[in-house]
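This report refers to the structure that appears directly beneath it.
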Amino acid sequence: MENLKARSVRVILGTGGTIAGRSVDAADNVGYVAGEVGVDDLVKAVPHLQGLVLESEQVAQIDSKDMGFAVWKRLAERVAHHLAREEVQGVIITHGTDTLEETAWFLQTVLAPGKPVVLTCAMRPATALVPDGPQNLLDAVVVAGCEGLTGVVAVSAGWVHSAQHVCKVHSYRVDAFDSGDAGPMGCVEEGEVRWFQPLASTVLASSGAEGRLAKISAATALPGVALVTSHADADGRVVLGVLALNSSQQGAKTEGIVVACTGNGTLHRALAAALGQALASGVRVVRATRCARGRVIPHVGDKFDSSEGLSPVKARLALSLALLPDWA
Ligand code: SIN
């Protein structure tokens, strides 16, 4: 494209998910295949997007349950490439709902973008009787055009959630995401965004990520971090299995363990004993809470670190990134 005005283009990157899902029966909202419809066709399905300056690119075409480092790396590189273009106003990513919150946190941590990066999704396939993807995509494009918005956000069912707080909380309903205690950042109403707080007070810092993309691009894998849960009758066998594998020198070492704890970071004593062994062997241990709301409030003398408010899956990712050489 030539002679494009500064910040006039929005780029839509497709990665798959139910938003790109296809079902044999239009009334079947569960027996479909995710990641089938190309991003160009998703855009064409929303007539209201015509007239806007949009570009689209297929970065991946997967069910996001299979998300992993290779796609994240490519996605981060493509997002960074487009954001660096003066004419680009923001980037929209179509994504599966199942790991959307992890991708959002990965991109925020690695890029801390100074322009909007908006993930969107759907709970019903593109071929459904009443798909939710087209409205979500339209709303996401609106949010990506917002003046003053920086960083990674998620848009679904009319809500705007921050990368830090967004969490999938329902397995089936169209309104499947929540921001816990923080609440959503805003909502999209008839093509307008209503922010619930002044933007400056809610967006995450768009700095502090210098050099991180280069480290991601140079890496072939993320350090191994396991996620375990404390529960009634828990024991340490999963953790002890991890330690046995580490000492067998077979495969990549598990360098960290995140534990989804009960309540305010408490652990079944048998699991705590095994995690103590893990810590003594040099494995980093971080506690998050398995409660849907709240965080682990650290206390003097805690044996294990806390996740600083991150959910178990985001804490797992954060620890894995932190274990990369020279990450800081
Ligand atoms: C996926 O996460 O790719 C499938 C499920 C969904 O998008 O709702």
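Just so we're on the same page: first chain in the structure tokens is A, next is B, and so on; residues restart at 1 for each chain, and ligands are numbered from 1 in the order they show up.
Near Ile297 (chain A), within 12 Å and counting only C-alpha atoms, sit Cys261, Gly263, Asn264, Gly265, Thr266, Arg287, Ala288, Thr289, Asp302, Phe304, Asp305, Ser306, Ser307, Glu308, Gly309 and Leu310 of chain A, not including residues fewer than 5 positions from it in the same chain.
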Counting only C-alpha atoms and all ligand atoms, what are the residues of chain A within 9 Å of ligand 1, and for each of them which pair of atoms is the nearest and at what distance in Å, to one decimal? Sort the table by chain and rising number, as CSV.
residue,atom,partner,partner_atom_place_in_ligand_line,distance
A:Thr15,CA,ligand 1,3 (O),8.6
A:Gly16,CA,ligand 1,3 (O),6.2
A:Gly17,CA,ligand 1,3 (O),3.2
A:Thr18,CA,ligand 1,7 (O),3.7
A:Ile19,CA,ligand 1,7 (O),6.1
A:Ala20,CA,ligand 1,7 (O),8.1
A:Gly21,CA,ligand 1,7 (O),7.8
A:Val33,CA,ligand 1,4 (C),8.3
A:Ala34,CA,ligand 1,4 (C),5.6
A:Gly35,CA,ligand 1,3 (O),6.7
A:Ile62,CA,ligand 1,3 (O),6.4
A:Asp63,CA,ligand 1,3 (O),3.4
A:Ser64,CA,ligand 1,3 (O),3.6
A:Lys65,CA,ligand 1,2 (O),5.4
A:Asp66,CA,ligand 1,3 (O),7.9
A:Met67,CA,ligand 1,3 (O),8.5
A:His95,CA,ligand 1,3 (O),6.5
A:Gly96,CA,ligand 1,7 (O),3.2
A:Thr97,CA,ligand 1,7 (O),3.9
A:Asp98,CA,ligand 1,2 (O),3.7
A:Thr99,CA,ligand 1,2 (O),6.0
A:Leu100,CA,ligand 1,2 (O),7.2
A:Cys121,CA,ligand 1,7 (O),6.2
A:Ala122,CA,ligand 1,8 (O),5.7
A:Met123,CA,ligand 1,8 (O),4.4
A:Arg124,CA,ligand 1,8 (O),6.9
A:Pro125,CA,ligand 1,8 (O),8.1
A:Ser171,CA,ligand 1,8 (O),8.1
A:Tyr172,CA,ligand 1,8 (O),8.0
Resulting file, chosen residues, N, CA, C and O atoms, as a JSON list (two decimals), in the first residue's frame:
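Produced file part01.json, reproduced below:
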[["chain", "number", "residue", "atom", "x", "y", "z"],
["A", 15, "THR", "N", -5.18, -16.49, 13.89],
["A", 15, "THR", "CA", -4.44, -17.63, 14.47],
["A", 15, "THR", "C", -5.32, -18.88, 14.62],
["A", 15, "THR", "O", -4.85, -19.90, 15.09],
["A", 16, "GLY", "N", -6.60, -18.79, 14.25],
["A", 16, "GLY", "CA", -7.48, -19.96, 14.37],
["A", 16, "GLY", "C", -8.53, -19.76, 15.45],
["A", 16, "GLY", "O", -9.01, -18.65, 15.66],
["A", 17, "GLY", "N", -8.90, -20.84, 16.12],
["A", 17, "GLY", "CA", -9.90, -20.77, 17.19],
["A", 17, "GLY", "C", -11.32, -21.01, 16.68],
["A", 17, "GLY", "O", -11.54, -21.21, 15.48],
["A", 18, "THR", "N", -12.25, -20.96, 17.60],
["A", 18, "THR", "CA", -13.66, -21.16, 17.25],
["A", 18, "THR", "C", -14.17, -20.03, 16.37],
["A", 18, "THR", "O", -15.05, -20.23, 15.54],
["A", 19, "ILE", "N", -13.61, -18.85, 16.53],
["A", 19, "ILE", "CA", -14.02, -17.73, 15.66],
["A", 19, "ILE", "C", -13.81, -18.13, 14.19],
["A", 19, "ILE", "O", -14.53, -17.67, 13.32],
["A", 20, "ALA", "N", -12.85, -19.00, 13.95],
["A", 20, "ALA", "CA", -12.59, -19.51, 12.59],
["A", 20, "ALA", "C", -13.04, -20.96, 12.47],
["A", 20, "ALA", "O", -12.56, -21.70, 11.62],
["A", 21, "GLY", "N", -13.99, -21.36, 13.33],
["A", 21, "GLY", "CA", -14.43, -22.76, 13.34],
["A", 21, "GLY", "C", -15.52, -23.03, 12.31],
["A", 21, "GLY", "O", -16.26, -22.13, 11.92],
["A", 33, "VAL", "N", -15.05, -27.96, 14.11],
["A", 33, "VAL", "CA", -13.59, -27.97, 14.10],
["A", 33, "VAL", "C", -13.09, -26.53, 14.15],
["A", 33, "VAL", "O", -13.49, -25.70, 13.32],
["A", 34, "ALA", "N", -12.26, -26.22, 15.13],
["A", 34, "ALA", "CA", -11.71, -24.86, 15.27],
["A", 34, "ALA", "C", -10.62, -24.64, 14.22],
["A", 34, "ALA", "O", -10.00, -25.59, 13.75],
["A", 35, "GLY", "N", -10.39, -23.37, 13.88],
["A", 35, "GLY", "CA", -9.27, -23.02, 13.02],
["A", 35, "GLY", "C", -9.40, -23.54, 11.60],
["A", 35, "GLY", "O", -8.50, -24.21, 11.09],
["A", 62, "ILE", "N", -4.88, -22.73, 14.20],
["A", 62, "ILE", "CA", -4.91, -23.83, 15.19],
["A", 62, "ILE", "C", -6.08, -23.69, 16.17],
["A", 62, "ILE", "O", -6.67, -22.62, 16.30],
["A", 63, "ASP", "N", -6.37, -24.80, 16.82],
["A", 63, "ASP", "CA", -7.23, -24.79, 18.00],
["A", 63, "ASP", "C", -6.31, -24.32, 19.13],
["A", 63, "ASP", "O", -5.23, -24.89, 19.34],
["A", 64, "SER", "N", -6.70, -23.30, 19.86],
["A", 64, "SER", "CA", -5.73, -22.69, 20.78],
["A", 64, "SER", "C", -5.38, -23.58, 21.97],
["A", 64, "SER", "O", -4.45, -23.27, 22.72],
["A", 65, "LYS", "N", -6.09, -24.72, 22.14],
["A", 65, "LYS", "CA", -5.64, -25.67, 23.17],
["A", 65, "LYS", "C", -4.23, -26.16, 22.83],
["A", 65, "LYS", "O", -3.51, -26.62, 23.70],
["A", 66, "ASP", "N", -3.87, -26.08, 21.55],
["A", 66, "ASP", "CA", -2.55, -26.54, 21.12],
["A", 66, "ASP", "C", -1.53, -25.40, 21.01],
["A", 66, "ASP", "O", -0.47, -25.56, 20.40],
["A", 67, "MET", "N", -1.85, -24.25, 21.57],
["A", 67, "MET", "CA", -0.93, -23.11, 21.50],
["A", 67, "MET", "C", 0.40, -23.45, 22.17],
["A", 67, "MET", "O", 0.44, -24.21, 23.14],
["A", 95, "HIS", "N", -8.32, -15.30, 17.73],
["A", 95, "HIS", "CA", -7.66, -16.33, 18.56],
["A", 95, "HIS", "C", -8.73, -17.23, 19.17],
["A", 95, "HIS", "O", -9.87, -16.80, 19.40],
["A", 96, "GLY", "N", -8.37, -18.44, 19.50],
["A", 96, "GLY", "CA", -9.26, -19.31, 20.26],
["A", 96, "GLY", "C", -9.44, -18.78, 21.66],
["A", 96, "GLY", "O", -8.57, -18.09, 22.21],
["A", 97, "THR", "N", -10.57, -19.13, 22.27],
["A", 97, "THR", "CA", -10.83, -18.63, 23.62],
["A", 97, "THR", "C", -10.01, -19.37, 24.69],
["A", 97, "THR", "O", -9.75, -18.83, 25.76],
["A", 98, "ASP", "N", -9.62, -20.62, 24.39],
["A", 98, "ASP", "CA", -9.12, -21.48, 25.47],
["A", 98, "ASP", "C", -7.79, -21.03, 26.07],
["A", 98, "ASP", "O", -7.57, -21.22, 27.28],
["A", 99, "THR", "N", -6.92, -20.47, 25.27],
["A", 99, "THR", "CA", -5.65, -19.99, 25.83],
["A", 99, "THR", "C", -5.43, -18.50, 25.52],
["A", 99, "THR", "O", -4.30, -18.01, 25.59],
["A", 100, "LEU", "N", -6.51, -17.82, 25.20],
["A", 100, "LEU", "CA", -6.40, -16.39, 24.83],
["A", 100, "LEU", "C", -5.70, -15.59, 25.93],
["A", 100, "LEU", "O", -4.85, -14.74, 25.66],
["A", 121, "CYS", "N", -12.15, -13.21, 19.74],
["A", 121, "CYS", "CA", -12.42, -14.63, 19.71],
["A", 121, "CYS", "C", -13.92, -14.86, 19.50],
["A", 121, "CYS", "O", -14.67, -13.92, 19.28],
["A", 122, "ALA", "N", -14.34, -16.10, 19.64],
["A", 122, "ALA", "CA", -15.78, -16.41, 19.61],
["A", 122, "ALA", "C", -16.01, -17.71, 20.35],
["A", 122, "ALA", "O", -15.11, -18.55, 20.44],
["A", 123, "MET", "N", -17.19, -17.86, 20.86],
["A", 123, "MET", "CA", -17.58, -19.11, 21.51],
["A", 123, "MET", "C", -18.37, -19.99, 20.56],
["A", 123, "MET", "O", -18.58, -21.17, 20.83],
["A", 124, "ARG", "N", -18.85, -19.40, 19.47],
["A", 124, "ARG", "CA", -19.59, -20.18, 18.47],
["A", 124, "ARG", "C", -18.84, -20.14, 17.16],
["A", 124, "ARG", "O", -18.26, -19.11, 16.81],
["A", 125, "PRO", "N", -18.87, -21.26, 16.42],
["A", 125, "PRO", "CA", -18.11, -21.28, 15.17],
["A", 125, "PRO", "C", -18.65, -20.27, 14.14],
["A", 125, "PRO", "O", -19.78, -19.81, 14.24],
["A", 171, "SER", "N", -17.38, -22.26, 30.12],
["A", 171, "SER", "CA", -16.98, -23.20, 29.07],
["A", 171, "SER", "C", -17.87, -23.14, 27.84],
["A", 171, "SER", "O", -17.53, -23.69, 26.79],
["A", 172, "TYR", "N", -19.01, -22.46, 27.91],
["A", 172, "TYR", "CA", -19.96, -22.52, 26.80],
["A", 172, "TYR", "C", -20.60, -21.18, 26.43],
["A", 172, "TYR", "O", -20.80, -20.90, 25.25]]
*asked:* Could you list, as a PyMOL selection string, every residue within 9 Å of Ala292 (chain A), counting only C-alpha atoms and ignoring same-chain residues fewer than 2 positions away?
replied: chain A and resi 169+180+289-290+294+311
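If you look at CA of Gly224 (chain A) and CA of Ala252 (chain A), they are 7.0 Å away from each other.
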*Residue contacts of region 104-114 of chain A (7 Å, only C-alpha atoms) excluding same-chain residues fewer than 3 positions away, as a ChimeraX atom specification*: /A:76,100-101,150-153,163-164,205-207,209,212-213,314
Using N, CA, C and O atoms, can you write the selected residues to a file as a short mmCIF file (atom, residue, chain, number, x, y, z; two decimals), in the first residue's frame?
data_model
loop_
_atom_site.label_atom_id
_atom_site.label_comp_id
_atom_site.auth_asym_id
_atom_site.auth_seq_id
_atom_site.Cartn_x
_atom_site.Cartn_y
_atom_site.Cartn_z
N ALA A 76 4.46 -12.90 18.03
CA ALA A 76 5.13 -11.72 18.62
C ALA A 76 5.94 -11.00 17.54
O ALA A 76 5.94 -9.76 17.47
N LEU A 100 -6.51 -17.82 25.20
CA LEU A 100 -6.40 -16.39 24.83
C LEU A 100 -5.70 -15.59 25.93
O LEU A 100 -4.85 -14.74 25.66
N GLU A 101 -6.05 -15.89 27.18
CA GLU A 101 -5.46 -15.09 28.28
C GLU A 101 -3.95 -15.30 28.39
O GLU A 101 -3.22 -14.39 28.77
N THR A 150 -2.86 1.84 24.79
CA THR A 150 -1.62 1.11 24.52
C THR A 150 -1.73 -0.25 25.20
O THR A 150 -2.53 -0.44 26.11
N GLY A 151 -0.92 -1.18 24.75
CA GLY A 151 -0.87 -2.48 25.41
C GLY A 151 -1.84 -3.49 24.84
O GLY A 151 -2.58 -3.21 23.89
N VAL A 152 -1.84 -4.67 25.44
CA VAL A 152 -2.63 -5.79 24.95
C VAL A 152 -3.93 -5.87 25.74
O VAL A 152 -3.92 -5.85 26.98
N VAL A 153 -5.03 -5.96 25.00
CA VAL A 153 -6.34 -6.12 25.64
C VAL A 153 -7.09 -7.23 24.92
O VAL A 153 -6.70 -7.66 23.83
N ALA A 163 -4.94 -7.48 29.52
CA ALA A 163 -4.18 -8.74 29.42
C ALA A 163 -3.89 -9.31 30.80
O ALA A 163 -3.87 -10.52 31.01
N GLN A 164 -3.70 -8.42 31.75
CA GLN A 164 -3.33 -8.85 33.10
C GLN A 164 -4.47 -9.60 33.79
O GLN A 164 -4.25 -10.59 34.48
N ALA A 205 2.11 -0.51 31.57
CA ALA A 205 3.26 0.26 31.08
C ALA A 205 3.66 -0.21 29.68
O ALA A 205 3.72 -1.40 29.42
N SER A 206 3.87 0.76 28.79
CA SER A 206 4.32 0.39 27.44
C SER A 206 5.83 0.57 27.35
O SER A 206 6.35 1.17 26.43
N SER A 207 6.53 0.09 28.34
CA SER A 207 7.98 0.11 28.33
C SER A 207 8.45 -1.06 29.18
O SER A 207 7.64 -1.77 29.77
N ALA A 209 10.15 -3.61 28.05
CA ALA A 209 10.28 -4.87 27.31
C ALA A 209 11.43 -4.80 26.31
O ALA A 209 11.56 -5.69 25.47
N ARG A 212 13.42 -7.82 24.76
CA ARG A 212 12.78 -9.10 25.06
C ARG A 212 12.42 -9.88 23.79
O ARG A 212 12.55 -11.11 23.76
N LEU A 213 11.96 -9.16 22.76
CA LEU A 213 11.58 -9.87 21.53
C LEU A 213 12.81 -10.57 20.94
O LEU A 213 12.71 -11.70 20.46
N LYS A 314 -1.17 -17.88 33.99
CA LYS A 314 -0.30 -16.74 33.65
C LYS A 314 0.98 -16.78 34.49
O LYS A 314 2.06 -16.40 34.02
#
*Shell around Gly145 (chain A) at 7 Å using only C-alpha atoms, local window under 4 positions removed, as a ChimeraX atom specification*: /A:89-90,141
Go ahead and write the selection's residues with all heavy atoms as an mmCIF file, in the first residue's frame.
data_model
loop_
_atom_site.group_PDB
_atom_site.id
_atom_site.type_symbol
_atom_site.label_atom_id
_atom_site.label_comp_id
_atom_site.auth_asym_id
_atom_site.auth_seq_id
_atom_site.Cartn_x
_atom_site.Cartn_y
_atom_site.Cartn_z
ATOM 1 N N GLN A 89 -2.142 1.687 13.056
ATOM 2 C CA GLN A 89 -2.778 2.249 14.253
ATOM 3 C C GLN A 89 -2.840 1.215 15.371
ATOM 4 O O GLN A 89 -2.665 1.527 16.549
ATOM 5 C CB GLN A 89 -4.204 2.630 13.834
ATOM 6 C CG GLN A 89 -4.972 3.470 14.774
ATOM 7 C CD GLN A 89 -6.295 3.876 14.130
ATOM 8 O OE1 GLN A 89 -6.860 3.156 13.313
ATOM 9 N NE2 GLN A 89 -6.788 5.033 14.517
ATOM 10 N N GLY A 90 -3.102 -0.023 14.983
ATOM 11 C CA GLY A 90 -3.212 -1.080 15.986
ATOM 12 C C GLY A 90 -3.330 -2.431 15.305
ATOM 13 O O GLY A 90 -3.553 -2.508 14.100
ATOM 14 N N VAL A 141 -11.929 -4.205 16.210
ATOM 15 C CA VAL A 141 -11.372 -3.214 15.277
ATOM 16 C C VAL A 141 -11.632 -1.797 15.818
ATOM 17 O O VAL A 141 -10.759 -0.926 15.744
ATOM 18 C CB VAL A 141 -11.975 -3.418 13.855
ATOM 19 C CG1 VAL A 141 -11.630 -2.246 12.943
ATOM 20 C CG2 VAL A 141 -11.472 -4.736 13.263
#
*DSSP strand (DSSP E or B) selection over region 53-235 of chain A, as a PyMOL selection string*: chain A and resi 54-62+88-94+116-120+151-156+159-162+167-168+177-178+186-189+192-195+224-229
*Can you list, as JSON, numbers by chain, all residues belonging to region 26-175 of chain A that DSSP tags as helix (DSSP H, G or I)?*
{"A": [39, 40, 41, 42, 43, 44, 47, 48, 49, 64, 65, 66, 69, 70, 71, 72, 73, 74, 75, 76, 77, 78, 79, 80, 81, 82, 83, 100, 101, 102, 103, 104, 105, 106, 107, 108, 109, 110, 111, 133, 134, 135, 136, 137, 138, 139, 140, 141, 142, 143, 144]}
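Nearest to Gly158 (chain A) of all the residues A:Glu55, A:Glu190, A:Asp181, A:Glu36 is A:Glu190, counting only C-alpha atoms.
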_For region 130-137 of chain A, find every residue with an atom within 10 Å (counting only C-alpha atoms), except residues of its own chain fewer than 4 positions away, and show them as a VMD selection string._
chain A and resid 12 18 to 21 26 to 27 29 42 to 49 92 to 94 118 to 126 141 to 143 154 to 159 174 to 175 188
*asked:* Using only C-alpha atoms, can you tell me which of A:Lys303, A:Arg7, A:Lys73, A:Lys253 comes closest to Thr220 (chain A)?
replied: A:Lys73
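If you measure from each of A:Val239, A:Ala322, A:Leu52, A:Leu199 to Gly276 (chain A) using only C-alpha atoms, the closest one turns out to be A:Val239.
Straight-line separation from CA of Val88 (chain A) to CA of Ala6 (chain A): 6.9 Å.
Residue nearest Val166 (chain A) within the list A:Leu149, A:Val242, A:Met185, A:Val9: A:Met185 [criterion: smallest interatomic distance, only C-alpha atoms].
If you measure from each of A:Leu13, A:Leu271, A:Val300, A:Val259 to Ala80 (chain A) using only C-alpha atoms, the closest one turns out to be A:Leu13.
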*Best match for closeness to Ser247 (chain A) among A:Gly282, A:Val160, A:His165, A:Ala272, counting only C-alpha atoms*: A:Gly282
